[in-house]
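Student: Structure file start_37.cif, mmCIF, C-alpha atoms, is pasted below:
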```cif
data_query
#
loop_
_atom_site.label_atom_id
_atom_site.label_comp_id
_atom_site.auth_asym_id
_atom_site.auth_seq_id
_atom_site.Cartn_x
_atom_site.Cartn_y
_atom_site.Cartn_z
CA MET A 5 123.22 -80.17 6.88
CA LYS A 6 126.61 -81.84 7.29
CA THR A 7 126.87 -84.41 10.08
CA VAL A 8 129.68 -84.97 12.58
CA ALA A 9 130.04 -88.26 14.46
CA ILE A 10 131.15 -87.84 18.07
CA VAL A 11 132.28 -91.25 19.26
CA GLY A 12 131.74 -91.38 22.99
CA ILE A 13 129.25 -91.56 25.85
CA GLU A 14 126.60 -88.85 25.46
CA LYS A 15 126.44 -87.78 29.12
CA ASN A 16 130.11 -86.75 28.90
CA LEU A 17 129.85 -84.81 25.65
CA LYS A 18 127.65 -81.76 26.24
CA HIS A 19 130.35 -79.21 25.36
CA TYR A 20 131.28 -81.05 22.16
CA ILE A 21 127.62 -81.30 21.14
CA ALA A 22 127.10 -77.58 21.83
CA ALA A 23 130.17 -76.65 19.79
CA VAL A 24 129.04 -78.75 16.81
CA HIS A 25 125.61 -77.11 16.96
CA GLY A 26 127.36 -73.73 17.11
CA LEU A 27 128.98 -74.54 13.77
CA ALA A 28 125.54 -75.24 12.23
CA LEU A 29 126.46 -78.91 11.90
CA GLU A 30 124.48 -81.91 13.12
CA PRO A 31 126.14 -84.00 15.86
CA VAL A 32 125.61 -87.77 15.82
CA VAL A 33 126.66 -89.24 19.17
CA THR A 34 127.46 -92.93 18.86
CA THR A 35 129.77 -95.74 19.91
CA ASP A 36 129.01 -97.69 16.72
CA PRO A 37 131.74 -97.28 14.07
CA THR A 38 129.24 -98.11 11.32
CA ASP A 39 126.98 -95.25 12.37
CA ALA A 40 129.99 -92.96 12.62
CA ALA A 41 131.17 -93.90 9.14
CA ALA A 42 127.89 -92.65 7.68
CA CYS A 43 128.72 -89.08 8.78
CA ASP A 44 130.65 -86.37 6.95
CA GLY A 45 133.21 -85.78 9.70
CA LEU A 46 134.54 -87.47 12.82
CA LEU A 47 135.19 -85.81 16.18
CA LEU A 48 137.15 -87.93 18.65
CA PRO A 49 136.53 -86.31 22.07
CA GLY A 50 138.40 -86.17 25.34
CA GLY A 51 137.92 -88.78 28.03
CA GLY A 52 139.85 -91.35 30.05
CA ASP A 53 143.20 -92.85 29.17
CA ILE A 54 143.80 -95.26 26.30
CA ASP A 55 144.48 -98.88 27.22
CA PRO A 56 148.31 -99.09 27.07
CA ALA A 57 148.06 -102.54 25.50
CA LEU A 58 146.87 -100.79 22.34
CA PHE A 59 150.32 -99.20 21.98
CA HIS A 60 152.13 -102.31 23.24
CA GLU A 61 153.03 -101.15 26.76
CA GLU A 62 152.26 -102.17 30.32
CA ASN A 63 150.13 -99.84 32.41
CA GLN A 64 152.44 -97.23 33.95
CA GLY A 65 149.95 -94.68 35.26
CA SER A 66 146.97 -94.86 32.89
CA THR A 67 143.57 -94.54 34.58
CA ASP A 68 139.85 -94.47 33.74
CA ILE A 69 140.36 -96.95 30.87
CA ASP A 70 137.40 -98.02 28.70
CA ARG A 71 138.77 -100.61 26.28
CA PRO A 72 135.52 -101.09 24.29
CA LEU A 73 135.31 -97.32 23.73
CA ASP A 74 138.99 -97.21 22.71
CA GLU A 75 138.32 -99.93 20.14
CA ALA A 76 135.21 -98.17 18.83
CA GLN A 77 137.12 -94.91 18.43
CA LEU A 78 140.03 -96.60 16.67
CA GLU A 79 137.68 -98.47 14.32
CA ALA A 80 135.74 -95.30 13.50
CA LEU A 81 139.04 -93.55 12.79
CA ALA A 82 140.12 -96.42 10.54
CA ARG A 83 137.01 -95.98 8.43
CA PHE A 84 137.56 -92.25 8.06
CA VAL A 85 141.21 -92.78 7.16
CA GLN A 86 140.21 -95.28 4.49
CA ALA A 87 137.60 -92.87 3.13
CA GLU A 88 140.00 -89.88 3.41
CA ARG A 89 137.37 -87.85 5.27
CA PRO A 90 137.96 -85.16 7.93
CA VAL A 91 138.84 -86.00 11.53
CA LEU A 92 139.37 -83.75 14.54
CA GLY A 93 140.80 -85.28 17.70
CA ILE A 94 140.56 -83.38 21.00
CA CYS A 95 142.59 -84.31 24.12
CA LYS A 96 142.17 -88.11 24.29
CA GLY A 97 141.10 -87.99 20.62
CA HIS A 98 144.45 -86.37 19.74
CA GLN A 99 146.15 -89.33 21.45
CA VAL A 100 143.89 -91.88 19.72
CA ILE A 101 145.01 -90.49 16.36
CA ASN A 102 148.65 -90.88 17.37
CA VAL A 103 148.15 -94.47 18.55
CA TYR A 104 146.26 -95.40 15.39
CA PHE A 105 149.22 -94.32 13.26
CA GLY A 106 151.68 -96.33 15.37
CA GLY A 107 152.69 -93.71 17.94
CA THR A 108 152.95 -94.07 21.71
CA ILE A 109 151.74 -92.26 24.81
CA ILE A 110 153.69 -90.94 27.79
CA GLN A 111 151.42 -92.37 30.47
CA ASP A 112 152.13 -89.80 33.19
CA LEU A 113 153.98 -86.63 32.25
CA ALA A 114 156.75 -85.52 34.59
CA THR A 115 155.30 -82.02 34.13
CA ALA A 116 151.66 -83.13 34.58
CA PRO A 117 150.85 -80.43 37.21
CA ALA A 118 151.26 -77.79 34.51
CA HIS A 119 148.65 -79.55 32.37
CA ARG A 120 146.10 -80.99 34.80
CA HIS A 121 142.53 -79.83 35.35
CA LEU A 122 142.44 -77.82 38.59
CA GLY A 123 139.31 -79.35 40.13
CA GLU A 124 136.64 -76.80 40.96
CA ALA A 125 138.91 -74.05 39.59
CA GLY A 126 138.52 -75.56 36.11
CA ASP A 127 141.04 -76.05 33.33
CA ASN A 128 144.67 -75.08 33.69
CA VAL A 129 145.97 -72.56 31.13
CA HIS A 130 149.39 -72.48 29.49
CA PRO A 131 151.04 -70.99 26.39
CA LEU A 132 151.68 -72.83 23.14
CA ILE A 133 154.41 -72.38 20.60
CA VAL A 134 152.78 -72.89 17.19
CA TYR A 135 155.02 -73.96 14.32
CA SER A 136 154.88 -72.23 10.96
CA ASP A 137 153.61 -73.96 7.82
CA SER A 138 150.64 -75.41 9.67
CA PRO A 139 146.89 -74.79 9.78
CA LEU A 140 147.15 -73.76 13.44
CA TYR A 141 149.73 -71.09 12.57
CA ASP A 142 147.50 -69.81 9.79
CA LEU A 143 144.66 -69.44 12.29
CA TYR A 144 146.50 -68.05 15.33
CA GLY A 145 150.09 -67.14 14.55
CA GLY A 146 153.06 -68.37 16.51
CA HIS A 147 151.98 -67.99 20.15
CA ILE A 148 148.63 -68.61 21.86
CA ALA A 149 147.30 -69.54 25.29
CA VAL A 150 145.11 -72.64 25.61
CA ASN A 151 143.25 -74.54 28.30
CA SER A 152 144.66 -77.83 29.56
CA ALA A 153 143.19 -80.83 31.38
CA HIS A 154 145.40 -83.91 30.92
CA HIS A 155 148.22 -85.85 32.55
CA GLN A 156 149.40 -87.81 29.50
CA GLY A 157 151.03 -86.72 26.26
CA LEU A 158 152.35 -88.01 22.97
CA GLY A 159 155.49 -90.10 23.07
CA ALA A 160 156.76 -91.35 19.70
CA VAL A 161 154.80 -89.61 16.96
CA GLY A 162 152.88 -91.81 14.55
CA THR A 163 153.72 -92.39 10.90
CA ASP A 164 152.87 -89.46 8.58
CA LEU A 165 151.91 -87.25 11.53
CA ARG A 166 153.67 -83.94 12.17
CA VAL A 167 153.75 -81.99 15.45
CA ILE A 168 152.60 -78.42 14.80
CA ALA A 169 152.45 -76.97 18.34
CA ALA A 170 154.07 -77.65 21.69
CA ALA A 171 153.81 -76.51 25.30
CA PRO A 172 156.87 -74.87 26.91
CA ASP A 173 157.85 -78.25 28.41
CA GLY A 174 157.95 -79.80 24.93
CA THR A 175 154.66 -81.71 25.16
CA ALA A 176 153.19 -82.08 21.66
CA GLU A 177 149.90 -80.15 21.75
CA ALA A 178 148.81 -80.39 18.11
CA ILE A 179 149.42 -82.76 15.21
CA VAL A 180 148.40 -82.87 11.58
CA HIS A 181 148.57 -85.66 9.01
CA ASP A 182 150.86 -85.08 6.05
CA SER A 183 148.26 -85.92 3.40
CA LEU A 184 144.87 -86.61 5.02
CA PRO A 185 142.41 -84.08 6.55
CA ILE A 186 143.25 -85.15 10.09
CA LEU A 187 144.08 -82.77 12.93
CA GLY A 188 144.57 -83.44 16.64
CA VAL A 189 144.87 -80.99 19.54
CA GLN A 190 145.65 -81.75 23.17
CA PHE A 191 143.66 -78.77 24.44
CA HIS A 192 139.88 -78.19 24.42
CA PRO A 193 138.61 -75.73 21.76
CA GLU A 194 135.03 -76.76 22.56
CA ARG A 195 135.54 -75.07 25.96
CA MET A 196 137.10 -71.95 24.38
CA CYS A 197 134.32 -70.91 22.01
CA PHE A 198 130.78 -69.57 21.69
CA ALA A 199 129.14 -69.45 25.16
CA LYS A 200 132.26 -71.11 26.64
CA GLY A 201 134.65 -68.45 25.34
CA ARG A 202 137.09 -67.19 27.95
CA PRO A 203 139.37 -64.12 28.20
CA ASP A 204 142.51 -66.01 29.24
CA THR A 205 142.80 -68.25 26.13
CA ALA A 206 142.56 -67.98 22.38
CA ASP A 207 139.12 -68.38 20.84
CA GLY A 208 138.49 -72.01 19.86
CA GLU A 209 135.98 -71.08 17.16
CA PRO A 210 138.51 -70.51 14.30
CA LEU A 211 139.93 -74.00 14.86
CA LEU A 212 136.48 -75.58 14.84
CA ARG A 213 135.53 -73.61 11.73
CA HIS A 214 138.69 -74.90 10.06
CA PHE A 215 137.43 -78.42 10.74
CA LYS A 216 134.05 -77.47 9.27
CA SER A 217 135.79 -76.13 6.15
CA LEU A 218 137.37 -79.56 5.61
CA LEU A 219 133.87 -81.08 5.50
CA GLU A 220 132.86 -78.65 2.78
CA ARG A 221 135.68 -79.39 0.34
#
```
Any chance you could give the structure as structure tokens?

Tutor:
Amino acid sequence: MKTVAIVGIEKNLKHYIAAVHGLALEPVVTTDPTDAAACDGLLLPGGGDIDPALFHEENQGSTDIDRPLDEAQLEALARFVQAERPVLGICKGHQVINVYFGGTIIQDLATAPAHRHLGEAGDNVHPLIVYSDSPLYDLYGGHIAVNSAHHQGLGAVGTDLRVIAAAPDGTAEAIVHDSLPILGVQFHPERMCFAKGRPDTADGEPLLRHFKSLLER
């Protein structure tokens, strides 16, 4: 069975773990980049904000920062980039990919209320415009609805990354690398699939199965 490293704190990762099991893959939860590098794929999950020092800025609204975890995620990503193996970044993980490739983060979106988690009501939901000539377009077409639970977004886009979907306010909601099997999404497909499927968003399973297909090439 193929293995997927999820670099994060296990108590925060139950939906990611369930989604990986749903794909008939074996999740390996770790904060050790060496352990992660032994796996077939890398999943960088959601979480707190990235330390702004890692993209050469002062803190201008970033919260819930865990610098050691940021460094572990960036180092794990570096090893997968070097090995040219598949990576999926979700929410914070999408932003980690951008920072690794030299991009920046908007630390508090002017339109954050349209993207934030709604407390006990759960995730927000908004539409996406999906650009053609992209794996996301092949899976879903040009327009989908997704869940949303963030207050930051991509600023400058990293080297060799291409934005492939955006929210109506222009926030970059998905990126893909030009030559490596690396995909990032700002939304949460692990909370849009299997037992967590919901009628008001697209199904996250096709996206996750696309990631699985990259492991099998």

Student: For the file shown, what are the residues hit by the PyMOL selection byres ((chain A and resi 140) around 12), laid out as a PyMOL selection string?

Tutor: chain A and resi 132-139+141-148+167-170+177-180+187-189+206+208+210-215

Student: With distances taken over all atoms listed in the file, which residue among A:Ala82, A:Val161, A:Asn151, A:His181 lies nearest A:Asp204?

Tutor: A:Asn151

Student: Taking all atoms listed in the file into account, which of A:Leu48, A:Gly26, A:Asp36, A:Glu14 comes nearest A:His98?

Tutor: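 Among A:Leu48, A:Gly26, A:Asp36, A:Glu14, it is A:Leu48 that comes nearest to A:His98.
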
Student: Have a look at A:Leu165, A:Val103, A:Ala41, A:Val150 and name the one nearest to A:Pro90; count all atoms listed in the file.

Tutor: A:Ala41

Student: Do you know which residues are at most 7 Å from A:His154 counting only C-alpha atoms, after dropping those on the same chain fewer than 3 positions away, and could you put them as JSON, numbers by chain?

Tutor: {"A": [119, 120, 121]}

Student: Which value, in Å to one decimal, gives the distance between atom CA of A:Ile21 and atom CA of A:Asp70?

Tutor: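 Spanning atom CA of A:Ile21 to atom CA of A:Asp70 is a straight-line distance of 20.8 Å.
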
Student: Would you compute the distance between atom CA of A:Leu92 and atom CA of A:Glu220? Give it in Å to one decimal.

Tutor: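 Answer for the atom CA of A:Leu92 to atom CA of A:Glu220 separation: 14.4 Å.
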
Student: Take atom CA of A:Val85 and atom CA of A:Asn63 and report the distance between them in Å, one decimal.

Tutor: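 Taking atom CA of A:Val85 as the start and atom CA of A:Asn63 as the end point, the length is 27.7 Å.
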
Student: Counting only C-alpha atoms, figure out which residue out of A:Leu58, A:Leu218, A:Cys197, A:Ala149 gets nearest to A:His25.

Tutor: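 The closest residue to A:His25 is A:Cys197.
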
Student: Report as an MDAnalysis selection string the full result of the PyMOL selection byres ((chain A and resi 93-95) around 9) when it is applied to this structure.

Tutor: chainID A and resid 46:51 91:92 96:101 152:154 177 186:194

Student: When distances are computed from only C-alpha atoms, which of A:Met5, A:Ala28, A:Met196, A:Leu158 shows the smallest separation from A:Phe59?

Tutor: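 Comparing A:Met5, A:Ala28, A:Met196, A:Leu158 against A:Phe59, the winner is A:Leu158.
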
Student: My list of candidates is A:Ile10, A:Ala57, A:Leu113, A:Leu17. Which is closest to A:Thr35 when distances are computed with only C-alpha atoms?

Tutor: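 Nearest to A:Thr35: A:Ile10.
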
Student: When you get a chance, write out N, CA, C and O atoms for stretch 88-110 of chain A, as a CSV table (one decimal), in the coordinates of the input.

Tutor:
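Saved as result_15.csv:
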```
chain,number,residue,atom,x,y,z
A,88,GLU,N,139.3,-91.2,3.5
A,88,GLU,CA,140.0,-89.9,3.4
A,88,GLU,C,139.1,-88.7,3.7
A,88,GLU,O,139.0,-87.7,3.1
A,89,ARG,N,138.3,-88.9,4.8
A,89,ARG,CA,137.4,-87.8,5.3
A,89,ARG,C,137.9,-87.2,6.5
A,89,ARG,O,138.7,-87.7,7.3
A,90,PRO,N,137.4,-86.0,6.9
A,90,PRO,CA,138.0,-85.2,7.9
A,90,PRO,C,137.8,-85.7,9.3
A,90,PRO,O,136.7,-86.3,9.7
A,91,VAL,N,138.8,-85.6,10.1
A,91,VAL,CA,138.8,-86.0,11.5
A,91,VAL,C,139.4,-84.9,12.4
A,91,VAL,O,140.5,-84.3,12.0
A,92,LEU,N,138.8,-84.6,13.5
A,92,LEU,CA,139.4,-83.8,14.5
A,92,LEU,C,139.4,-84.5,15.8
A,92,LEU,O,138.4,-85.0,16.3
A,93,GLY,N,140.6,-84.6,16.4
A,93,GLY,CA,140.8,-85.3,17.7
A,93,GLY,C,141.1,-84.2,18.8
A,93,GLY,O,141.9,-83.3,18.5
A,94,ILE,N,140.4,-84.3,19.9
A,94,ILE,CA,140.6,-83.4,21.0
A,94,ILE,C,141.0,-84.1,22.3
A,94,ILE,O,140.3,-85.1,22.7
A,95,CYS,N,142.1,-83.7,22.9
A,95,CYS,CA,142.6,-84.3,24.1
A,95,CYS,C,142.8,-85.8,23.9
A,95,CYS,O,143.7,-86.2,23.2
A,96,LYS,N,142.0,-86.7,24.5
A,96,LYS,CA,142.2,-88.1,24.3
A,96,LYS,C,142.1,-88.4,22.8
A,96,LYS,O,142.9,-89.3,22.3
A,97,GLY,N,141.2,-87.7,22.1
A,97,GLY,CA,141.1,-88.0,20.6
A,97,GLY,C,142.4,-87.7,19.9
A,97,GLY,O,142.7,-88.4,18.9
A,98,HIS,N,143.1,-86.7,20.3
A,98,HIS,CA,144.4,-86.4,19.7
A,98,HIS,C,145.4,-87.6,20.0
A,98,HIS,O,146.1,-88.0,19.1
A,99,GLN,N,145.3,-88.2,21.1
A,99,GLN,CA,146.2,-89.3,21.4
A,99,GLN,C,145.7,-90.6,20.7
A,99,GLN,O,146.5,-91.4,20.3
A,100,VAL,N,144.4,-90.7,20.5
A,100,VAL,CA,143.9,-91.9,19.7
A,100,VAL,C,144.4,-91.8,18.3
A,100,VAL,O,144.8,-92.9,17.7
A,101,ILE,N,144.5,-90.6,17.7
A,101,ILE,CA,145.0,-90.5,16.4
A,101,ILE,C,146.5,-90.9,16.4
A,101,ILE,O,146.9,-91.7,15.5
A,102,ASN,N,147.2,-90.5,17.3
A,102,ASN,CA,148.6,-90.9,17.4
A,102,ASN,C,148.8,-92.4,17.5
A,102,ASN,O,149.7,-93.0,16.8
A,103,VAL,N,148.0,-93.0,18.4
A,103,VAL,CA,148.2,-94.5,18.6
A,103,VAL,C,147.7,-95.2,17.3
A,103,VAL,O,148.4,-96.2,16.9
A,104,TYR,N,146.7,-94.7,16.6
A,104,TYR,CA,146.3,-95.4,15.4
A,104,TYR,C,147.4,-95.4,14.4
A,104,TYR,O,147.6,-96.5,13.7
A,105,PHE,N,148.1,-94.4,14.3
A,105,PHE,CA,149.2,-94.3,13.3
A,105,PHE,C,150.5,-94.9,13.8
A,105,PHE,O,151.6,-94.6,13.2
A,106,GLY,N,150.5,-95.6,14.9
A,106,GLY,CA,151.7,-96.3,15.4
A,106,GLY,C,152.5,-95.6,16.4
A,106,GLY,O,153.6,-96.0,16.8
A,107,GLY,N,152.0,-94.5,16.9
A,107,GLY,CA,152.7,-93.7,17.9
A,107,GLY,C,152.4,-94.3,19.3
A,107,GLY,O,151.7,-95.2,19.5
A,108,THR,N,153.1,-93.6,20.3
A,108,THR,CA,153.0,-94.1,21.7
A,108,THR,C,152.5,-92.9,22.6
A,108,THR,O,152.4,-91.8,22.1
A,109,ILE,N,152.2,-93.2,23.8
A,109,ILE,CA,151.7,-92.3,24.8
A,109,ILE,C,152.7,-92.3,26.0
A,109,ILE,O,153.0,-93.3,26.5
A,110,ILE,N,153.0,-91.1,26.5
A,110,ILE,CA,153.7,-90.9,27.8
A,110,ILE,C,152.6,-91.0,28.8
A,110,ILE,O,151.7,-90.2,28.9
```
